[in-house]
file start07.csv (CSV, C-alpha atoms)
chain,number,residue,atom,x,y,z
A,266,MET,CA,113.0,168.4,100.1
A,267,VAL,CA,112.6,164.6,100.5
A,268,ASP,CA,115.3,163.0,102.7
A,269,ASP,CA,116.9,160.2,100.7
A,270,GLN,CA,118.2,158.2,103.8
A,271,TYR,CA,115.9,155.5,105.2
A,272,ASP,CA,115.9,152.5,107.3
A,273,ALA,CA,114.0,150.5,104.7
A,274,VAL,CA,112.7,150.9,101.2
A,275,VAL,CA,109.6,148.9,100.2
A,276,ILE,CA,109.3,148.2,96.5
A,277,GLY,CA,105.8,147.2,95.5
A,278,MET,CA,102.8,148.3,97.5
A,279,GLY,CA,100.3,145.5,97.0
A,280,PRO,CA,99.1,143.5,100.0
A,281,GLY,CA,102.5,142.2,100.8
A,282,GLY,CA,104.2,145.5,100.6
A,283,GLU,CA,101.5,147.3,102.5
A,284,VAL,CA,101.8,144.9,105.5
A,285,ALA,CA,105.6,145.2,105.5
A,286,ALA,CA,105.5,149.0,105.3
A,287,SER,CA,102.9,149.3,108.0
A,288,GLN,CA,104.8,147.1,110.4
A,289,LEU,CA,108.1,149.0,109.7
A,290,ILE,CA,106.3,152.3,110.3
A,291,GLN,CA,104.8,151.1,113.5
A,292,ALA,CA,108.2,150.0,114.7
A,293,GLY,CA,109.4,153.5,114.3
A,294,LYS,CA,111.5,153.0,111.2
A,295,ARG,CA,112.1,155.6,108.5
A,296,VAL,CA,110.4,154.1,105.5
A,297,ALA,CA,110.1,154.9,101.8
A,298,VAL,CA,107.6,153.1,99.7
A,299,VAL,CA,107.7,152.8,95.9
A,300,GLU,CA,104.8,151.8,93.6
A,301,ARG,CA,104.7,152.2,89.8
A,302,GLU,CA,101.0,151.7,89.5
A,303,LEU,CA,98.4,151.9,92.3
A,304,ILE,CA,99.0,151.5,96.1
A,305,GLY,CA,96.9,148.5,97.0
A,306,GLY,CA,98.0,146.4,94.1
A,307,GLU,CA,96.3,143.8,92.0
A,308,CYS,CA,93.9,142.6,94.7
A,309,GLY,CA,92.4,146.0,95.5
A,310,TYR,CA,91.8,147.1,92.0
A,311,TRP,CA,91.8,144.2,89.5
A,312,ALA,CA,91.3,141.0,91.4
A,313,CYS,CA,89.9,140.1,94.8
A,314,ILE,CA,87.9,143.2,95.5
A,315,PRO,CA,86.2,143.8,92.1
A,316,SER,CA,85.5,140.1,91.6
A,317,LYS,CA,83.8,139.6,94.9
A,318,THR,CA,81.9,142.9,94.4
A,319,LEU,CA,80.6,141.7,91.0
A,320,LEU,CA,79.7,138.2,92.3
A,321,ARG,CA,77.7,139.3,95.3
A,322,PRO,CA,74.6,140.4,93.4
A,323,LEU,CA,74.6,137.2,91.4
A,324,GLU,CA,74.9,135.2,94.6
A,325,ALA,CA,72.0,137.0,96.1
A,326,ALA,CA,69.9,136.6,93.0
A,327,ALA,CA,70.6,132.8,92.9
A,328,GLY,CA,69.7,132.5,96.6
A,329,ALA,CA,66.4,134.3,96.2
A,330,ALA,CA,65.6,132.1,93.2
A,331,GLY,CA,66.1,129.1,95.3
A,332,ALA,CA,63.7,130.2,98.1
A,333,ALA,CA,60.1,129.3,98.0
A,334,GLY,CA,57.8,132.2,97.1
A,335,LEU,CA,60.4,134.5,95.8
A,336,ASP,CA,61.1,135.5,92.2
A,337,ARG,CA,64.7,135.9,91.0
A,338,PRO,CA,65.6,139.6,91.4
A,339,ARG,CA,66.3,141.7,88.3
A,340,LEU,CA,70.0,142.3,87.8
A,341,ASP,CA,71.0,146.0,87.3
A,342,TRP,CA,74.3,145.9,85.4
A,343,PRO,CA,74.8,149.7,85.4
A,344,GLY,CA,74.2,149.7,89.2
A,345,MET,CA,76.6,146.7,89.7
A,346,ARG,CA,79.2,148.4,87.5
A,347,SER,CA,78.9,151.7,89.4
A,348,TYR,CA,79.3,150.1,92.8
A,349,ARG,CA,82.3,148.1,91.6
A,350,ASP,CA,83.9,151.4,90.5
A,351,THR,CA,83.3,152.8,93.9
A,352,MET,CA,84.9,149.8,95.6
A,353,ILE,CA,88.0,150.0,93.4
A,354,ARG,CA,88.2,153.8,94.2
A,355,HIS,CA,87.8,154.6,90.5
A,356,LEU,CA,91.4,153.4,90.1
A,357,ASP,CA,92.6,156.3,92.2
A,358,ASP,CA,95.1,155.7,95.0
A,359,SER,CA,95.6,159.3,96.1
A,360,GLN,CA,94.0,158.7,99.5
A,361,GLN,CA,96.2,155.7,100.1
A,362,ALA,CA,99.3,157.6,99.2
A,363,GLU,CA,98.4,160.5,101.5
A,364,GLY,CA,97.6,158.0,104.3
A,365,TYR,CA,101.2,156.7,104.2
A,366,ARG,CA,102.6,160.2,104.1
A,367,SER,CA,100.5,161.1,107.1
A,368,GLN,CA,102.2,158.2,109.0
A,369,GLY,CA,105.6,159.6,108.2
A,370,ALA,CA,106.5,157.5,105.1
A,371,ALA,CA,107.9,158.9,101.9
A,372,VAL,CA,105.9,157.8,98.9
A,373,PHE,CA,107.4,157.6,95.4
A,374,LYS,CA,105.5,156.7,92.3
A,375,GLY,CA,107.5,155.1,89.5
A,376,SER,CA,109.7,152.1,88.6
A,377,ALA,CA,112.4,151.2,91.1
A,378,HIS,CA,115.9,150.1,90.2
A,379,LEU,CA,118.6,148.7,92.5
A,380,VAL,CA,121.7,150.6,91.5
A,381,GLY,CA,124.0,150.2,94.5
A,382,ARG,CA,124.6,148.4,97.8
A,383,ASP,CA,126.3,148.8,101.2
A,384,PRO,CA,124.0,150.5,101.8
A,385,TRP,CA,121.4,149.7,99.2
A,386,GLU,CA,120.7,152.5,96.7
A,387,VAL,CA,117.3,152.5,94.9
A,388,ALA,CA,116.7,154.8,91.9
A,389,VAL,CA,113.2,156.1,91.3
A,390,GLY,CA,113.2,158.6,88.5
A,391,GLU,CA,115.6,161.3,89.5
A,392,HIS,CA,115.5,160.2,93.2
A,393,ARG,CA,118.2,158.1,94.9
A,394,LEU,CA,117.0,156.4,98.0
A,395,ARG,CA,119.6,154.8,100.3
A,396,ALA,CA,118.7,152.3,103.0
A,397,HIS,CA,120.2,149.3,104.9
A,398,HIS,CA,117.2,147.2,104.0
A,399,VAL,CA,115.1,146.7,100.9
A,400,VAL,CA,111.8,144.8,100.8
A,401,LEU,CA,110.9,143.4,97.3
A,402,ALA,CA,107.2,142.9,97.0
A,403,THR,CA,106.7,143.4,93.3
A,404,GLY,CA,103.8,140.9,92.9
A,405,SER,CA,102.9,139.2,89.7
A,406,SER,CA,101.6,139.8,86.2
A,407,ALA,CA,99.2,137.9,84.0
A,408,LEU,CA,100.7,135.4,81.6
A,409,ARG,CA,99.7,135.3,78.0
A,410,PRO,CA,100.1,131.6,77.0
A,411,PRO,CA,101.6,130.8,73.6
A,412,ILE,CA,98.3,129.9,71.8
A,413,GLU,CA,98.2,130.0,68.1
A,414,GLY,CA,95.9,132.6,66.8
A,415,LEU,CA,95.7,134.5,70.0
A,416,GLU,CA,96.7,137.7,68.3
A,417,GLU,CA,93.6,137.5,66.1
A,418,VAL,CA,91.1,137.9,68.9
A,419,GLU,CA,90.5,140.4,71.8
A,420,VAL,CA,92.4,139.1,74.8
A,421,TRP,CA,91.6,140.0,78.3
A,422,THR,CA,93.5,139.4,81.5
A,423,ASN,CA,91.9,139.7,84.9
A,424,ARG,CA,92.3,143.5,84.6
A,425,GLN,CA,90.0,143.8,81.6
A,426,ALA,CA,87.6,141.2,83.0
A,427,THR,CA,87.1,142.9,86.4
A,428,THR,CA,86.8,146.4,85.0
A,429,VAL,CA,84.5,145.3,82.1
A,430,GLU,CA,82.0,148.0,80.9
A,431,GLU,CA,79.9,145.8,78.6
A,432,ILE,CA,79.2,142.1,78.9
A,433,PRO,CA,80.4,140.2,75.9
A,434,GLY,CA,78.2,137.7,74.0
A,435,ARG,CA,80.6,134.9,74.4
A,436,ALA,CA,84.0,134.2,75.9
A,437,VAL,CA,86.6,131.5,76.4
A,438,VAL,CA,88.2,131.3,79.9
A,439,VAL,CA,91.7,129.8,79.7
A,440,GLY,CA,92.5,128.3,83.1
A,441,GLY,CA,90.2,126.9,85.8
A,442,SER,CA,91.9,128.1,88.9
A,443,ALA,CA,90.2,130.4,91.5
A,444,VAL,CA,90.3,133.5,89.2
A,445,GLY,CA,89.1,131.7,86.2
A,446,VAL,CA,86.2,130.1,88.0
A,447,GLU,CA,85.1,133.4,89.5
A,448,LEU,CA,85.2,135.3,86.3
A,449,GLY,CA,83.7,132.4,84.3
A,450,GLN,CA,80.7,132.2,86.7
A,451,PHE,CA,80.3,136.0,86.7
A,452,LEU,CA,80.2,136.2,82.9
A,453,ALA,CA,77.9,133.2,82.6
A,454,ARG,CA,75.4,134.5,85.1
A,455,MET,CA,75.4,137.8,83.3
A,456,GLY,CA,74.3,136.1,80.1
A,457,CYS,CA,77.6,135.5,78.3
A,458,SER,CA,78.1,132.1,76.6
A,459,VAL,CA,81.3,130.8,78.4
A,460,THR,CA,83.6,127.9,77.6
A,461,MET,CA,86.2,127.1,80.3
A,462,VAL,CA,89.4,125.3,79.2
A,463,GLN,CA,91.5,123.7,81.9
A,464,ARG,CA,94.7,121.8,81.1
A,465,GLY,CA,94.7,119.6,84.2
A,466,PRO,CA,92.1,116.9,85.0
A,467,SER,CA,90.0,119.1,87.3
A,468,LEU,CA,89.2,122.7,88.1
A,469,MET,CA,90.8,124.3,91.2
A,470,ASP,CA,93.6,121.8,91.1
A,471,ARG,CA,95.4,123.3,94.0
A,472,GLU,CA,92.6,122.2,96.2
A,473,GLU,CA,91.1,118.8,97.0
A,474,PRO,CA,89.7,117.1,93.9
A,475,ARG,CA,86.2,117.3,95.3
A,476,VAL,CA,86.4,121.1,95.3
A,477,GLY,CA,87.1,121.0,91.6
A,478,ASP,CA,84.2,118.6,91.0
A,479,LEU,CA,81.8,120.8,92.8
A,480,ALA,CA,83.0,123.9,91.0
A,481,ALA,CA,82.6,122.2,87.6
A,482,GLU,CA,79.1,121.0,88.6
A,483,THR,CA,78.0,124.5,89.6
A,484,LEU,CA,79.5,126.1,86.5
A,485,ARG,CA,77.7,123.6,84.2
A,486,GLY,CA,74.5,124.4,86.0
A,487,ASP,CA,75.1,128.0,85.0
A,488,GLY,CA,75.5,126.9,81.4
A,489,VAL,CA,79.3,127.0,81.2
A,490,ASP,CA,80.9,124.5,78.8
A,491,VAL,CA,83.7,123.1,81.1
A,492,ARG,CA,86.4,121.2,79.3
A,493,THR,CA,89.1,119.7,81.5
A,494,GLY,CA,92.2,117.9,80.3
A,495,THR,CA,92.2,120.3,77.4
A,496,GLU,CA,94.8,122.7,76.0
call {"tool": "encode", "arguments": {"input": "start07.csv", "output": "structure tokens"}}
result
Amino acid sequence: MVDDQYDAVVIGMGPGGEVAASQLIQAGKRVAVVERELIGGECGYWACIPSKTLLRPLEAAAGAAGAAGLDRPRLDWPGMRSYRDTMIRHLDDSQQAEGYRSQGAAVFKGSAHLVGRDPWEVAVGEHRLRAHHVVLATGSSALRPPIEGLEEVEVWTNRQATTVEEIPGRAVVVGGSAVGVELGQFLARMGCSVTMVQRGPSLMDREEPRVGDLAAETLRGDGVDVRTGTE
């Protein structure tokens, strides 16, 4: 039977929750972790890891094409797709869950609800977890902007884009931040006709303006129709 008394309950086991849980465990605390989807979070399954995995062969191919005496390597999409699935663990976090259990943490899968305090009480399904400390690390979710006609087309978030099975013929990327630039370049270099729409005056607008200029120049070189200052 699972003990429902803990020093801390960590809600959300993406990168932030994993760091918090690991440090608490190492400090000798009794820890329960709660995750409604996959331990590892957005980064490990639908963002950083798959996007870098998919971009790496394209980067290598472009590098080879720019070296004297080398032909551009042939891209093997089924091979790229298979390796991506390996890197995202086929969307299976069972090993991660078992890893935390082996360290002494209790692992609960499901949505958490704060239902009491002094001490805190967290409901996960039929379980009631009580602890003096609760760490909220619930991450983020993709925003669907209020664009007229959006319901009439197939809409992807980063999740569909990073787990894509077949490359589309054309796509519009709404937003030119880091994720948009990565996915736009990936699709373009895989032969998709890409239009990138950015509301602000430049891409990557959290960075120095020159970074956005260089990103736009590179994307246009890949055939992307980059439209800044556009909604």
call {"tool": "atom_distance", "arguments": {"input": "start07.csv", "atom1": "atom CA of A:Ala371", "atom2": "atom CA of A:Arg424"}}
result
27.9 Å
call {"tool": "residues_around", "arguments": {"input": "start07.csv", "residues": "A:Gln450", "least_positions_apart": "6", "cutoff": "12 Å", "atoms": "all atoms listed in the file", "output": "VMD selection string"}}
result
chain A and resid 316 to 317 319 to 321 323 to 324 327 426 436 to 438 441 443 to 444 456 to 461 480 to 491
call {"tool": "residues_around", "arguments": {"input": "start07.csv", "residues": "A:Leu415", "least_positions_apart": "5", "cutoff": "12 Å", "atoms": "all atoms listed in the file", "output": "ChimeraX atom specification"}}
result
/A:409-410,420-421,437,439
call {"tool": "residues_near_point", "arguments": {"input": "start07.csv", "point": "(100.9, 152.0, 93.7)", "cutoff": "9 Å", "atoms": "only C-alpha atoms", "output": "number ranges by chain"}}
result
A: 277-279, 299-306, 358, 361-362, 373-375
call {"tool": "write_last_selection", "arguments": {"input": "start07.csv", "atoms": "C-alpha atoms", "output": "short mmCIF file (atom, residue, chain, number, x, y, z; two decimals), in the frame of the given file"}}
result
data_model
loop_
_atom_site.label_atom_id
_atom_site.label_comp_id
_atom_site.auth_asym_id
_atom_site.auth_seq_id
_atom_site.Cartn_x
_atom_site.Cartn_y
_atom_site.Cartn_z
CA GLY A 277 105.80 147.20 95.50
CA MET A 278 102.80 148.30 97.50
CA GLY A 279 100.30 145.50 97.00
CA VAL A 299 107.70 152.80 95.90
CA GLU A 300 104.80 151.80 93.60
CA ARG A 301 104.70 152.20 89.80
CA GLU A 302 101.00 151.70 89.50
CA LEU A 303 98.40 151.90 92.30
CA ILE A 304 99.00 151.50 96.10
CA GLY A 305 96.90 148.50 97.00
CA GLY A 306 98.00 146.40 94.10
CA ASP A 358 95.10 155.70 95.00
CA GLN A 361 96.20 155.70 100.10
CA ALA A 362 99.30 157.60 99.20
CA PHE A 373 107.40 157.60 95.40
CA LYS A 374 105.50 156.70 92.30
CA GLY A 375 107.50 155.10 89.50
#
call {"tool": "closest_residue", "arguments": {"input": "start07.csv", "among": "A:Arg435, A:Arg475, A:Arg464, A:Arg454", "to": "A:Arg492", "atoms": "only C-alpha atoms"}}
result
A:Arg464
call {"tool": "closest_residue", "arguments": {"input": "start07.csv", "among": "A:Ala333, A:Val400, A:Val429, A:Leu448", "to": "A:Arg346", "atoms": "only C-alpha atoms"}}
result
A:Val429
call {"tool": "atom_distance", "arguments": {"input": "start07.csv", "atom1": "atom CA of A:Ser287", "atom2": "atom CA of A:Ser376"}}
result
20.7 Å
call {"tool": "closest_residue", "arguments": {"input": "start07.csv", "among": "A:Glu416, A:Asp269, A:Glu472, A:Glu283", "to": "A:Ala402", "atoms": "only C-alpha atoms"}}
result
A:Glu283
call {"tool": "closest_residue", "arguments": {"input": "start07.csv", "among": "A:Ser367, A:Arg395, A:Gly344, A:Met455", "to": "A:Val380", "atoms": "only C-alpha atoms"}}
result
A:Arg395
call {"tool": "atom_distance", "arguments": {"input": "start07.csv", "atom1": "atom CA of A:Pro411", "atom2": "atom CA of A:Glu307"}}
result
23.1 Å
call {"tool": "closest_residue", "arguments": {"input": "start07.csv", "among": "A:Arg471, A:Val476, A:Thr493, A:Ala286", "to": "A:Tyr365", "atoms": "all atoms listed in the file"}}
result
A:Ala286
call {"tool": "closest_residue", "arguments": {"input": "start07.csv", "among": "A:Ile276, A:Ala332, A:Thr427, A:Gly465", "to": "A:His378", "atoms": "only C-alpha atoms"}}
result
A:Ile276
call {"tool": "residues_around", "arguments": {"input": "start07.csv", "residues": "A:Ile290", "least_positions_apart": "5", "cutoff": "8 Å", "atoms": "only C-alpha atoms", "output": "PDB file with C-alpha atoms, in the coordinates of the input"}}
result
ATOM      1  CA  ARG A 295     112.100 155.600 108.500  1.00  0.00           C
ATOM      2  CA  VAL A 296     110.400 154.100 105.500  1.00  0.00           C
ATOM      3  CA  GLN A 368     102.200 158.200 109.000  1.00  0.00           C
ATOM      4  CA  GLY A 369     105.600 159.600 108.200  1.00  0.00           C
ATOM      5  CA  ALA A 370     106.500 157.500 105.100  1.00  0.00           C
TER       6      ALA A 370
END
call {"tool": "residues_around", "arguments": {"input": "start07.csv", "residues": "A:Glu386", "least_positions_apart": "2", "cutoff": "10 Å", "atoms": "all atoms listed in the file", "output": "list in words"}}
result
Asp269, Gln270, Val274, His378, Leu379, Val380, Gly381, Arg382, Asp383, Pro384, Ala388, Val389, His392, Arg393, Leu394, Arg395, Ala396, His397, His398 and Val399 of chain A
call {"tool": "write_last_selection", "arguments": {"input": "start07.csv", "atoms": "C-alpha atoms", "output": "PDB file, in the frame of the given file"}}
result
ATOM      1  CA  ASP A 269     116.900 160.200 100.700  1.00  0.00           C
ATOM      2  CA  GLN A 270     118.200 158.200 103.800  1.00  0.00           C
ATOM      3  CA  VAL A 274     112.700 150.900 101.200  1.00  0.00           C
ATOM      4  CA  HIS A 378     115.900 150.100  90.200  1.00  0.00           C
ATOM      5  CA  LEU A 379     118.600 148.700  92.500  1.00  0.00           C
ATOM      6  CA  VAL A 380     121.700 150.600  91.500  1.00  0.00           C
ATOM      7  CA  GLY A 381     124.000 150.200  94.500  1.00  0.00           C
ATOM      8  CA  ARG A 382     124.600 148.400  97.800  1.00  0.00           C
ATOM      9  CA  ASP A 383     126.300 148.800 101.200  1.00  0.00           C
ATOM     10  CA  PRO A 384     124.000 150.500 101.800  1.00  0.00           C
ATOM     11  CA  ALA A 388     116.700 154.800  91.900  1.00  0.00           C
ATOM     12  CA  VAL A 389     113.200 156.100  91.300  1.00  0.00           C
ATOM     13  CA  HIS A 392     115.500 160.200  93.200  1.00  0.00           C
ATOM     14  CA  ARG A 393     118.200 158.100  94.900  1.00  0.00           C
ATOM     15  CA  LEU A 394     117.000 156.400  98.000  1.00  0.00           C
ATOM     16  CA  ARG A 395     119.600 154.800 100.300  1.00  0.00           C
ATOM     17  CA  ALA A 396     118.700 152.300 103.000  1.00  0.00           C
ATOM     18  CA  HIS A 397     120.200 149.300 104.900  1.00  0.00           C
ATOM     19  CA  HIS A 398     117.200 147.200 104.000  1.00  0.00           C
ATOM     20  CA  VAL A 399     115.100 146.700 100.900  1.00  0.00           C
TER      21      VAL A 399
END
call {"tool": "residues_around", "arguments": {"input": "start07.csv", "residues": "A:Pro322", "least_positions_apart": "3", "cutoff": "8 Å", "atoms": "all atoms listed in the file", "output": "ChimeraX atom specification"}}
result
/A:318-319,325-326,340,345
